[in-house]
file upload.cif (mmCIF, C-alpha atoms)
data_coords
#
loop_
_atom_site.group_PDB
_atom_site.id
_atom_site.type_symbol
_atom_site.label_atom_id
_atom_site.label_comp_id
_atom_site.auth_asym_id
_atom_site.auth_seq_id
_atom_site.Cartn_x
_atom_site.Cartn_y
_atom_site.Cartn_z
ATOM 1 C CA LEU A 5 13.399 -19.756 -25.967
ATOM 2 C CA GLY A 6 9.895 -20.373 -27.241
ATOM 3 C CA ILE A 7 9.215 -16.707 -27.911
ATOM 4 C CA LYS A 8 6.425 -15.791 -30.310
ATOM 5 C CA VAL A 9 6.277 -12.183 -31.429
ATOM 6 C CA ARG A 10 3.188 -10.487 -32.794
ATOM 7 C CA GLU A 11 1.821 -6.992 -33.077
ATOM 8 C CA ILE A 12 -1.036 -5.899 -30.867
ATOM 9 C CA GLU A 13 -3.026 -2.714 -30.700
ATOM 10 C CA ILE A 14 -3.923 -1.077 -27.403
ATOM 11 C CA PRO A 15 -6.789 1.420 -27.640
ATOM 12 C CA TYR A 16 -6.567 4.754 -25.823
ATOM 13 C CA VAL A 17 -2.833 4.446 -25.177
ATOM 14 C CA ASP A 18 -2.384 7.590 -27.289
ATOM 15 C CA LEU A 19 -4.124 9.488 -24.463
ATOM 16 C CA ALA A 20 -1.604 8.390 -21.844
ATOM 17 C CA VAL A 21 0.613 11.489 -21.790
ATOM 18 C CA GLN A 22 -2.406 13.822 -21.830
ATOM 19 C CA ALA A 23 -3.874 11.927 -18.866
ATOM 20 C CA TYR A 24 -0.632 11.422 -16.967
ATOM 21 C CA TYR A 25 0.553 15.000 -16.622
ATOM 22 C CA PRO A 26 -2.658 16.537 -15.210
ATOM 23 C CA LEU A 27 -2.795 13.721 -12.644
ATOM 24 C CA VAL A 28 0.869 14.072 -11.699
ATOM 25 C CA TYR A 29 0.688 17.872 -11.561
ATOM 26 C CA VAL A 30 -2.362 17.930 -9.276
ATOM 27 C CA GLU A 31 -0.957 15.230 -6.998
ATOM 28 C CA PHE A 32 2.433 16.950 -6.900
ATOM 29 C CA PHE A 33 0.839 20.317 -6.126
ATOM 30 C CA SER A 34 -1.251 18.752 -3.368
ATOM 31 C CA GLY A 35 1.755 16.938 -1.908
ATOM 32 C CA THR A 36 3.936 20.055 -1.784
ATOM 33 C CA ARG A 37 1.425 22.390 -0.105
ATOM 34 C CA LYS A 38 2.804 21.561 3.342
ATOM 35 C CA PHE A 39 6.088 23.167 2.269
ATOM 36 C CA ASP A 40 4.622 26.674 2.356
ATOM 37 C CA GLY A 41 7.297 28.245 4.562
ATOM 38 C CA LYS A 42 5.138 28.418 7.667
ATOM 39 C CA LYS A 43 6.116 25.131 9.281
ATOM 40 C CA TYR A 44 8.985 23.659 7.249
ATOM 41 C CA GLY A 45 11.341 26.543 6.451
ATOM 42 C CA LYS A 46 11.241 28.342 3.109
ATOM 43 C CA PRO A 47 8.395 27.898 0.629
ATOM 44 C CA ILE A 48 9.291 25.197 -1.889
ATOM 45 C CA GLU A 49 8.904 27.670 -4.767
ATOM 46 C CA GLU A 50 11.959 29.585 -3.481
ATOM 47 C CA PHE A 51 14.437 26.751 -3.926
ATOM 48 C CA CYS A 52 13.035 24.304 -6.474
ATOM 49 C CA GLY A 53 14.166 23.916 -10.052
ATOM 50 C CA GLU A 54 12.338 24.882 -13.220
ATOM 51 C CA GLU A 55 10.597 21.521 -13.732
ATOM 52 C CA VAL A 56 9.431 21.295 -10.104
ATOM 53 C CA LEU A 57 8.074 24.836 -10.316
ATOM 54 C CA ARG A 58 6.325 23.982 -13.604
ATOM 55 C CA ARG A 59 4.627 21.024 -11.912
ATOM 56 C CA ILE A 60 3.588 23.060 -8.872
ATOM 57 C CA LEU A 61 2.135 25.869 -10.985
ATOM 58 C CA GLY A 62 0.496 23.421 -13.405
ATOM 59 C CA GLY A 63 -1.124 21.549 -10.529
ATOM 60 C CA LYS A 64 -2.248 24.803 -8.978
ATOM 61 C CA GLU A 65 -3.890 25.856 -12.245
ATOM 62 C CA ILE A 66 -5.578 22.502 -12.857
ATOM 63 C CA SER A 67 -6.829 22.507 -9.235
ATOM 64 C CA ARG A 68 -8.394 25.966 -9.439
ATOM 65 C CA ALA A 69 -11.967 26.119 -8.192
ATOM 66 C CA GLU A 70 -13.350 27.449 -11.471
ATOM 67 C CA HIS A 71 -12.285 24.246 -13.230
ATOM 68 C CA GLU A 72 -14.378 22.256 -10.710
ATOM 69 C CA GLY A 73 -12.050 19.260 -11.026
ATOM 70 C CA ARG A 74 -13.113 18.625 -14.626
ATOM 71 C CA TYR A 75 -9.567 18.173 -16.026
ATOM 72 C CA TYR A 76 -8.595 15.881 -13.189
ATOM 73 C CA ARG A 77 -11.759 13.793 -13.635
ATOM 74 C CA LEU A 78 -11.182 13.553 -17.410
ATOM 75 C CA ALA A 79 -7.614 12.412 -16.774
ATOM 76 C CA LEU A 80 -8.852 9.785 -14.293
ATOM 77 C CA LYS A 81 -11.383 8.577 -16.864
ATOM 78 C CA ALA A 82 -8.654 8.265 -19.517
ATOM 79 C CA LYS A 83 -6.408 6.470 -17.018
ATOM 80 C CA ARG A 84 -9.148 3.918 -16.360
ATOM 81 C CA ALA A 85 -9.761 3.343 -20.097
ATOM 82 C CA ILE A 86 -6.023 2.853 -20.701
ATOM 83 C CA THR A 87 -5.716 0.478 -17.738
ATOM 84 C CA LEU A 88 -8.643 -1.636 -18.949
ATOM 85 C CA ALA A 89 -7.226 -1.739 -22.497
ATOM 86 C CA ILE A 90 -3.819 -2.863 -21.217
ATOM 87 C CA GLU A 91 -5.406 -5.498 -18.965
ATOM 88 C CA LYS A 92 -7.320 -6.791 -22.004
ATOM 89 C CA ALA A 93 -4.080 -6.931 -24.034
ATOM 90 C CA PHE A 94 -2.493 -9.097 -21.340
ATOM 91 C CA LYS A 95 -5.233 -11.680 -21.889
ATOM 92 C CA GLU A 96 -3.677 -12.210 -25.338
ATOM 93 C CA VAL A 97 0.052 -11.854 -24.579
ATOM 94 C CA ASP A 98 2.433 -12.419 -21.669
ATOM 95 C CA PHE A 99 4.655 -9.390 -22.322
ATOM 96 C CA ILE A 100 4.548 -6.191 -24.318
ATOM 97 C CA ALA A 101 7.785 -4.945 -25.883
ATOM 98 C CA LEU A 102 8.110 -1.391 -27.097
ATOM 99 C CA PRO A 103 10.629 1.417 -27.375
ATOM 100 C CA ILE A 104 11.514 3.521 -24.376
ATOM 101 C CA THR A 105 11.619 6.793 -26.298
ATOM 102 C CA PRO A 106 10.295 7.880 -29.700
ATOM 103 C CA ARG A 107 13.753 8.946 -30.871
ATOM 104 C CA LEU A 108 17.366 8.641 -29.848
ATOM 105 C CA PRO A 109 18.246 10.488 -26.636
ATOM 106 C CA HIS A 110 19.572 13.994 -26.990
ATOM 107 C CA ARG A 111 23.297 14.477 -26.589
ATOM 108 C CA ILE A 112 24.822 15.291 -23.202
ATOM 109 C CA GLY A 113 24.775 19.044 -22.792
ATOM 110 C CA GLU A 114 22.074 19.532 -25.438
ATOM 111 C CA LYS A 115 19.339 21.696 -23.939
ATOM 112 C CA ILE A 116 15.684 21.039 -24.699
ATOM 113 C CA THR A 117 13.861 24.322 -24.195
ATOM 114 C CA ASP A 118 10.341 23.223 -25.084
ATOM 115 C CA PRO A 119 8.722 21.162 -22.292
ATOM 116 C CA ARG A 120 6.390 19.549 -24.850
ATOM 117 C CA VAL A 121 9.400 18.045 -26.631
ATOM 118 C CA GLU A 122 10.766 16.873 -23.289
ATOM 119 C CA TYR A 123 7.442 15.315 -22.272
ATOM 120 C CA ALA A 124 7.107 13.610 -25.670
ATOM 121 C CA TYR A 125 9.994 11.377 -24.595
ATOM 122 C CA ASP A 126 7.569 9.851 -22.053
ATOM 123 C CA VAL A 127 5.013 8.660 -24.613
ATOM 124 C CA PHE A 128 6.028 4.985 -24.334
ATOM 125 C CA THR A 129 6.790 4.822 -20.589
ATOM 126 C CA VAL A 130 3.746 6.639 -19.223
ATOM 127 C CA PRO A 131 1.215 3.846 -19.947
ATOM 128 C CA ALA A 132 2.972 1.544 -17.458
ATOM 129 C CA SER A 133 3.020 4.272 -14.812
ATOM 130 C CA LEU A 134 -0.651 5.063 -15.342
ATOM 131 C CA SER A 135 -1.875 1.485 -15.287
ATOM 132 C CA GLY A 136 0.323 0.124 -12.500
ATOM 133 C CA ILE A 137 1.835 -2.692 -14.524
ATOM 134 C CA CYS A 138 5.395 -4.002 -14.285
ATOM 135 C CA GLY A 139 7.982 -2.532 -16.599
ATOM 136 C CA ALA A 140 11.715 -2.807 -17.161
ATOM 137 C CA SER A 141 14.099 -1.273 -19.651
ATOM 138 C CA VAL A 142 16.664 -3.454 -21.366
ATOM 139 C CA PRO A 143 19.724 -2.191 -23.265
ATOM 140 C CA ILE A 144 19.694 -3.808 -26.705
ATOM 141 C CA ALA A 145 22.046 -1.863 -28.990
ATOM 142 C CA ASN A 146 24.316 1.109 -29.564
ATOM 143 C CA ILE A 147 23.489 3.512 -32.370
ATOM 144 C CA ASP A 148 26.076 6.160 -33.205
ATOM 145 C CA GLY A 149 27.691 5.522 -29.817
ATOM 146 C CA CYS A 150 24.402 6.056 -28.008
ATOM 147 C CA PRO A 151 22.892 3.211 -25.956
ATOM 148 C CA VAL A 152 19.408 2.238 -27.079
ATOM 149 C CA GLY A 153 16.978 0.109 -25.148
ATOM 150 C CA MET A 154 13.526 -1.319 -25.222
ATOM 151 C CA GLN A 155 11.072 -1.849 -22.446
ATOM 152 C CA LEU A 156 9.237 -4.977 -21.515
ATOM 153 C CA LEU A 157 5.903 -4.705 -19.762
ATOM 154 C CA ALA A 158 4.114 -7.421 -17.801
ATOM 155 C CA LYS A 159 0.894 -7.790 -15.837
ATOM 156 C CA SER A 160 0.729 -6.248 -12.383
ATOM 157 C CA PHE A 161 2.502 -8.350 -9.745
ATOM 158 C CA ASN A 162 4.224 -10.399 -12.450
ATOM 159 C CA ASP A 163 7.660 -9.047 -11.522
ATOM 160 C CA ALA A 164 9.447 -12.406 -11.357
ATOM 161 C CA ASP A 165 8.356 -13.416 -14.868
ATOM 162 C CA LEU A 166 9.290 -9.968 -16.163
ATOM 163 C CA LEU A 167 12.795 -10.246 -14.703
ATOM 164 C CA ARG A 168 13.215 -13.690 -16.290
ATOM 165 C CA ALA A 169 12.152 -12.235 -19.650
ATOM 166 C CA VAL A 170 14.603 -9.343 -19.252
ATOM 167 C CA LYS A 171 17.383 -11.811 -18.502
ATOM 168 C CA ALA A 172 16.449 -13.804 -21.631
ATOM 169 C CA VAL A 173 16.536 -10.664 -23.805
ATOM 170 C CA GLU A 174 19.901 -9.689 -22.332
ATOM 171 C CA GLY A 175 21.146 -13.215 -23.103
ATOM 172 C CA ILE A 176 20.084 -12.874 -26.741
ATOM 173 C CA LYS A 177 21.782 -9.472 -26.986
ATOM 174 C CA ASN A 178 24.999 -10.755 -25.394
ATOM 175 C CA ALA A 179 25.027 -13.819 -27.680
ATOM 176 C CA ASP A 180 24.886 -11.483 -30.690
ATOM 177 C CA ALA A 181 27.732 -9.274 -29.402
#
call {"tool": "encode", "arguments": {"input": "upload.cif", "output": "structure tokens"}}
result
Amino acid sequence: LGIKVREIEIPYVDLAVQAYYPLVYVEFFSGTRKFDGKKYGKPIEEFCGEEVLRRILGGKEISRAEHEGRYYRLALKAKRAITLAIEKAFKEVDFIALPITPRLPHRIGEKITDPRVEYAYDVFTVPASLSGICGASVPIANIDGCPVGMQLLAKSFNDADLLRAVKAVEGIKNADA
């Protein structure tokens, strides 16, 4: 297939989760304000789940006037640094392959009570969301009966090449089966 594999290092990617959640929380909070019960029925806080409520309240806190937008601006600055670092990496490689999660998925029915543990699962997928690049997950193995995958990332608007690469990886996996 003509694939060459090599390790690369992407600076600032370790800041992705810390940048992603403040941005998502503020944008989510802003986007849900119209559901205040005055025009569209009940306030969203009355019928949303725990995670939605966490995002609304987190966005509300980050948006408070006394913070003067500092956390949001810092997150935007980190997002820009990550995006530039990823764009630079794509000058050296066509695709980036990495895990989807830092550990095997939890078992069905297993409850994660600490949101930080839950959010840690996003450490490898958030950089693509932040930087606007293409990404796809590919199943590659089963470990202890649990499906395990990897993700392939490609430059923005390089969807067709990414899908061809995914198909090639799936072909390798199926040939080994």
call {"tool": "atom_distance", "arguments": {"input": "upload.cif", "atom1": "atom CA of A:Gly175", "atom2": "atom CA of A:Ala93"}}
result
26.0 Å
call {"tool": "resolve_selection", "arguments": {"input": "upload.cif", "expression": "the PyMOL selection byres ((chain A and resi 63) around 7)", "output": "list in words"}}
result
Tyr29, Val30, Phe32, Phe33, Arg59, Ile60, Leu61, Gly62, Lys64, Glu65, Ile66 and Ser67 of chain A
call {"tool": "resolve_selection", "arguments": {"input": "upload.cif", "expression": "the PyMOL selection byres ((chain A and resi 129-137) around 8)", "output": "PDB file with C-alpha atoms, in the frame of the given file"}}
result
ATOM      1  CA  VAL A  17      -2.833   4.446 -25.177  1.00  0.00           C
ATOM      2  CA  ALA A  20      -1.604   8.390 -21.844  1.00  0.00           C
ATOM      3  CA  VAL A  21       0.613  11.489 -21.790  1.00  0.00           C
ATOM      4  CA  TYR A  24      -0.632  11.422 -16.967  1.00  0.00           C
ATOM      5  CA  LYS A  83      -6.408   6.470 -17.018  1.00  0.00           C
ATOM      6  CA  ARG A  84      -9.148   3.918 -16.360  1.00  0.00           C
ATOM      7  CA  ILE A  86      -6.023   2.853 -20.701  1.00  0.00           C
ATOM      8  CA  THR A  87      -5.716   0.478 -17.738  1.00  0.00           C
ATOM      9  CA  ILE A  90      -3.819  -2.863 -21.217  1.00  0.00           C
ATOM     10  CA  ILE A 104      11.514   3.521 -24.376  1.00  0.00           C
ATOM     11  CA  THR A 105      11.619   6.793 -26.298  1.00  0.00           C
ATOM     12  CA  ASP A 126       7.569   9.851 -22.053  1.00  0.00           C
ATOM     13  CA  VAL A 127       5.013   8.660 -24.613  1.00  0.00           C
ATOM     14  CA  PHE A 128       6.028   4.985 -24.334  1.00  0.00           C
ATOM     15  CA  CYS A 138       5.395  -4.002 -14.285  1.00  0.00           C
ATOM     16  CA  GLY A 139       7.982  -2.532 -16.599  1.00  0.00           C
ATOM     17  CA  LEU A 157       5.903  -4.705 -19.762  1.00  0.00           C
ATOM     18  CA  ALA A 158       4.114  -7.421 -17.801  1.00  0.00           C
ATOM     19  CA  LYS A 159       0.894  -7.790 -15.837  1.00  0.00           C
ATOM     20  CA  SER A 160       0.729  -6.248 -12.383  1.00  0.00           C
ATOM     21  CA  PHE A 161       2.502  -8.350  -9.745  1.00  0.00           C
TER      22      PHE A 161
END
call {"tool": "closest_residue", "arguments": {"input": "upload.cif", "among": "A:Lys81, A:Ile7, A:Tyr25, A:Asn146", "to": "A:Val173", "atoms": "all atoms listed in the file"}}
result
A:Ile7
call {"tool": "closest_atom_pairs", "arguments": {"input": "upload.cif", "of": "stretch 29-82 of chain A", "to": "stretch 111-121 of chain A", "cutoff": "12 Å", "atoms": "all atoms listed in the file", "output": "Markdown table"}}
result
| residue | atom | partner | partner_atom | distance |
| --- | --- | --- | --- | --- |
| A:Glu54 | CA | A:Pro119 | CA | 10.5 |
| A:Glu55 | CA | A:Pro119 | CA | 8.8 |
| A:Arg58 | CA | A:Pro119 | CA | 9.4 |
| A:Arg59 | CA | A:Pro119 | CA | 11.2 |
call {"tool": "atom_distance", "arguments": {"input": "upload.cif", "atom1": "atom CA of A:Ile100", "atom2": "atom CA of A:Leu156"}}
result
5.6 Å
call {"tool": "atom_distance", "arguments": {"input": "upload.cif", "atom1": "atom CA of A:Asp40", "atom2": "atom CA of A:Glu72"}}
result
23.5 Å
call {"tool": "closest_residue", "arguments": {"input": "upload.cif", "among": "A:Met154, A:His71, A:Pro143, A:Lys177", "to": "A:Pro106", "atoms": "all atoms listed in the file"}}
result
A:Met154
call {"tool": "closest_residue", "arguments": {"input": "upload.cif", "among": "A:Ala145, A:Ala169, A:Leu78, A:Leu57", "to": "A:Asp98", "atoms": "all atoms listed in the file"}}
result
A:Ala169
call {"tool": "closest_residue", "arguments": {"input": "upload.cif", "among": "A:Ser34, A:Lys8, A:Val170, A:Tyr16", "to": "A:Leu88", "atoms": "only C-alpha atoms"}}
result
A:Tyr16
call {"tool": "closest_residue", "arguments": {"input": "upload.cif", "among": "A:Arg74, A:Ala79, A:Ala69, A:Asp163", "to": "A:Leu19", "atoms": "all atoms listed in the file"}}
result
A:Ala79
call {"tool": "closest_residue", "arguments": {"input": "upload.cif", "among": "A:Glu50, A:Asp18, A:Glu96, A:Glu11", "to": "A:Ala124", "atoms": "only C-alpha atoms"}}
result
A:Asp18
call {"tool": "decode", "arguments": {"input": "upload.cif", "residues": "stretch 22-58 of chain A", "atoms": "N, CA and C atoms", "output": "PDB file, in the first residue's frame"}}
result
ATOM      1  N   GLN A  22      -8.459  20.937  27.983  1.00  0.00           N
ATOM      2  CA  GLN A  22      -8.635  22.137  28.807  1.00  0.00           C
ATOM      3  C   GLN A  22      -9.157  23.316  27.988  1.00  0.00           C
ATOM      4  N   ALA A  23      -8.864  23.353  26.707  1.00  0.00           N
ATOM      5  CA  ALA A  23      -9.384  24.421  25.848  1.00  0.00           C
ATOM      6  C   ALA A  23     -10.787  24.101  25.356  1.00  0.00           C
ATOM      7  N   TYR A  24     -11.015  22.845  25.036  1.00  0.00           N
ATOM      8  CA  TYR A  24     -12.274  22.425  24.422  1.00  0.00           C
ATOM      9  C   TYR A  24     -13.481  22.657  25.335  1.00  0.00           C
ATOM     10  N   TYR A  25     -13.394  22.198  26.571  1.00  0.00           N
ATOM     11  CA  TYR A  25     -14.578  22.270  27.421  1.00  0.00           C
ATOM     12  C   TYR A  25     -15.021  23.688  27.762  1.00  0.00           C
ATOM     13  N   PRO A  26     -14.142  24.625  28.091  1.00  0.00           N
ATOM     14  CA  PRO A  26     -14.641  25.999  28.292  1.00  0.00           C
ATOM     15  C   PRO A  26     -15.328  26.556  27.044  1.00  0.00           C
ATOM     16  N   LEU A  27     -14.772  26.280  25.874  1.00  0.00           N
ATOM     17  CA  LEU A  27     -15.393  26.769  24.636  1.00  0.00           C
ATOM     18  C   LEU A  27     -16.765  26.144  24.426  1.00  0.00           C
ATOM     19  N   VAL A  28     -16.845  24.835  24.580  1.00  0.00           N
ATOM     20  CA  VAL A  28     -18.115  24.130  24.383  1.00  0.00           C
ATOM     21  C   VAL A  28     -19.139  24.572  25.421  1.00  0.00           C
ATOM     22  N   TYR A  29     -18.722  24.700  26.672  1.00  0.00           N
ATOM     23  CA  TYR A  29     -19.656  25.096  27.727  1.00  0.00           C
ATOM     24  C   TYR A  29     -20.236  26.483  27.457  1.00  0.00           C
ATOM     25  N   VAL A  30     -19.389  27.440  27.124  1.00  0.00           N
ATOM     26  CA  VAL A  30     -19.873  28.806  26.880  1.00  0.00           C
ATOM     27  C   VAL A  30     -20.793  28.836  25.665  1.00  0.00           C
ATOM     28  N   GLU A  31     -20.398  28.153  24.597  1.00  0.00           N
ATOM     29  CA  GLU A  31     -21.234  28.138  23.394  1.00  0.00           C
ATOM     30  C   GLU A  31     -22.551  27.410  23.648  1.00  0.00           C
ATOM     31  N   PHE A  32     -22.506  26.340  24.426  1.00  0.00           N
ATOM     32  CA  PHE A  32     -23.722  25.605  24.755  1.00  0.00           C
ATOM     33  C   PHE A  32     -24.643  26.467  25.614  1.00  0.00           C
ATOM     34  N   PHE A  33     -24.076  27.114  26.622  1.00  0.00           N
ATOM     35  CA  PHE A  33     -24.858  28.001  27.484  1.00  0.00           C
ATOM     36  C   PHE A  33     -25.515  29.096  26.653  1.00  0.00           C
ATOM     37  N   SER A  34     -24.745  29.721  25.787  1.00  0.00           N
ATOM     38  CA  SER A  34     -25.267  30.788  24.937  1.00  0.00           C
ATOM     39  C   SER A  34     -26.390  30.277  24.033  1.00  0.00           C
ATOM     40  N   GLY A  35     -26.190  29.097  23.462  1.00  0.00           N
ATOM     41  CA  GLY A  35     -27.177  28.532  22.545  1.00  0.00           C
ATOM     42  C   GLY A  35     -28.462  28.073  23.203  1.00  0.00           C
ATOM     43  N   THR A  36     -28.425  27.809  24.507  1.00  0.00           N
ATOM     44  CA  THR A  36     -29.632  27.325  25.191  1.00  0.00           C
ATOM     45  C   THR A  36     -30.400  28.436  25.906  1.00  0.00           C
ATOM     46  N   ARG A  37     -29.907  29.649  25.902  1.00  0.00           N
ATOM     47  CA  ARG A  37     -30.575  30.733  26.629  1.00  0.00           C
ATOM     48  C   ARG A  37     -31.970  31.017  26.090  1.00  0.00           C
ATOM     49  N   LYS A  38     -32.228  30.735  24.829  1.00  0.00           N
ATOM     50  CA  LYS A  38     -33.568  31.004  24.296  1.00  0.00           C
ATOM     51  C   LYS A  38     -34.606  30.044  24.871  1.00  0.00           C
ATOM     52  N   PHE A  39     -34.147  28.947  25.461  1.00  0.00           N
ATOM     53  CA  PHE A  39     -35.064  27.989  26.081  1.00  0.00           C
ATOM     54  C   PHE A  39     -35.211  28.309  27.566  1.00  0.00           C
ATOM     55  N   ASP A  40     -35.694  29.507  27.852  1.00  0.00           N
ATOM     56  CA  ASP A  40     -35.797  29.980  29.236  1.00  0.00           C
ATOM     57  C   ASP A  40     -37.199  29.820  29.817  1.00  0.00           C
ATOM     58  N   GLY A  41     -38.112  29.231  29.066  1.00  0.00           N
ATOM     59  CA  GLY A  41     -39.467  29.023  29.551  1.00  0.00           C
ATOM     60  C   GLY A  41     -40.421  30.149  29.222  1.00  0.00           C
ATOM     61  N   LYS A  42     -39.941  31.242  28.718  1.00  0.00           N
ATOM     62  CA  LYS A  42     -40.806  32.375  28.407  1.00  0.00           C
ATOM     63  C   LYS A  42     -41.452  32.227  27.039  1.00  0.00           C
ATOM     64  N   LYS A  43     -40.699  31.739  26.066  1.00  0.00           N
ATOM     65  CA  LYS A  43     -41.210  31.646  24.709  1.00  0.00           C
ATOM     66  C   LYS A  43     -41.397  30.201  24.251  1.00  0.00           C
ATOM     67  N   TYR A  44     -40.526  29.303  24.697  1.00  0.00           N
ATOM     68  CA  TYR A  44     -40.527  27.933  24.186  1.00  0.00           C
ATOM     69  C   TYR A  44     -40.868  26.892  25.250  1.00  0.00           C
ATOM     70  N   GLY A  45     -41.882  27.100  26.038  1.00  0.00           N
ATOM     71  CA  GLY A  45     -42.276  26.098  27.028  1.00  0.00           C
ATOM     72  C   GLY A  45     -41.455  26.181  28.296  1.00  0.00           C
ATOM     73  N   LYS A  46     -41.135  25.016  28.861  1.00  0.00           N
ATOM     74  CA  LYS A  46     -40.403  24.965  30.130  1.00  0.00           C
ATOM     75  C   LYS A  46     -38.937  25.358  29.943  1.00  0.00           C
ATOM     76  N   PRO A  47     -38.338  25.906  31.013  1.00  0.00           N
ATOM     77  CA  PRO A  47     -36.890  26.162  30.952  1.00  0.00           C
ATOM     78  C   PRO A  47     -36.134  24.848  30.751  1.00  0.00           C
ATOM     79  N   ILE A  48     -35.093  24.886  29.957  1.00  0.00           N
ATOM     80  CA  ILE A  48     -34.341  23.677  29.623  1.00  0.00           C
ATOM     81  C   ILE A  48     -33.813  22.976  30.872  1.00  0.00           C
ATOM     82  N   GLU A  49     -33.479  23.731  31.903  1.00  0.00           N
ATOM     83  CA  GLU A  49     -32.946  23.142  33.133  1.00  0.00           C
ATOM     84  C   GLU A  49     -33.933  22.194  33.806  1.00  0.00           C
ATOM     85  N   GLU A  50     -35.235  22.340  33.516  1.00  0.00           N
ATOM     86  CA  GLU A  50     -36.248  21.494  34.152  1.00  0.00           C
ATOM     87  C   GLU A  50     -36.340  20.103  33.545  1.00  0.00           C
ATOM     88  N   PHE A  51     -35.851  19.912  32.335  1.00  0.00           N
ATOM     89  CA  PHE A  51     -36.027  18.596  31.718  1.00  0.00           C
ATOM     90  C   PHE A  51     -34.750  18.005  31.114  1.00  0.00           C
ATOM     91  N   CYS A  52     -33.625  18.665  31.303  1.00  0.00           N
ATOM     92  CA  CYS A  52     -32.390  18.125  30.721  1.00  0.00           C
ATOM     93  C   CYS A  52     -31.723  17.145  31.681  1.00  0.00           C
ATOM     94  N   GLY A  53     -30.827  16.360  31.134  1.00  0.00           N
ATOM     95  CA  GLY A  53     -30.082  15.393  31.925  1.00  0.00           C
ATOM     96  C   GLY A  53     -28.917  16.032  32.663  1.00  0.00           C
ATOM     97  N   GLU A  54     -28.227  15.200  33.425  1.00  0.00           N
ATOM     98  CA  GLU A  54     -27.130  15.667  34.274  1.00  0.00           C
ATOM     99  C   GLU A  54     -26.003  16.326  33.472  1.00  0.00           C
ATOM    100  N   GLU A  55     -25.616  15.712  32.357  1.00  0.00           N
ATOM    101  CA  GLU A  55     -24.504  16.265  31.565  1.00  0.00           C
ATOM    102  C   GLU A  55     -24.894  17.581  30.906  1.00  0.00           C
ATOM    103  N   VAL A  56     -26.121  17.679  30.405  1.00  0.00           N
ATOM    104  CA  VAL A  56     -26.584  18.929  29.792  1.00  0.00           C
ATOM    105  C   VAL A  56     -26.611  20.033  30.847  1.00  0.00           C
ATOM    106  N   LEU A  57     -27.119  19.710  32.023  1.00  0.00           N
ATOM    107  CA  LEU A  57     -27.158  20.692  33.106  1.00  0.00           C
ATOM    108  C   LEU A  57     -25.739  21.114  33.500  1.00  0.00           C
ATOM    109  N   ARG A  58     -24.820  20.166  33.552  1.00  0.00           N
ATOM    110  CA  ARG A  58     -23.422  20.484  33.879  1.00  0.00           C
ATOM    111  C   ARG A  58     -22.855  21.473  32.856  1.00  0.00           C
TER     112      ARG A  58
END
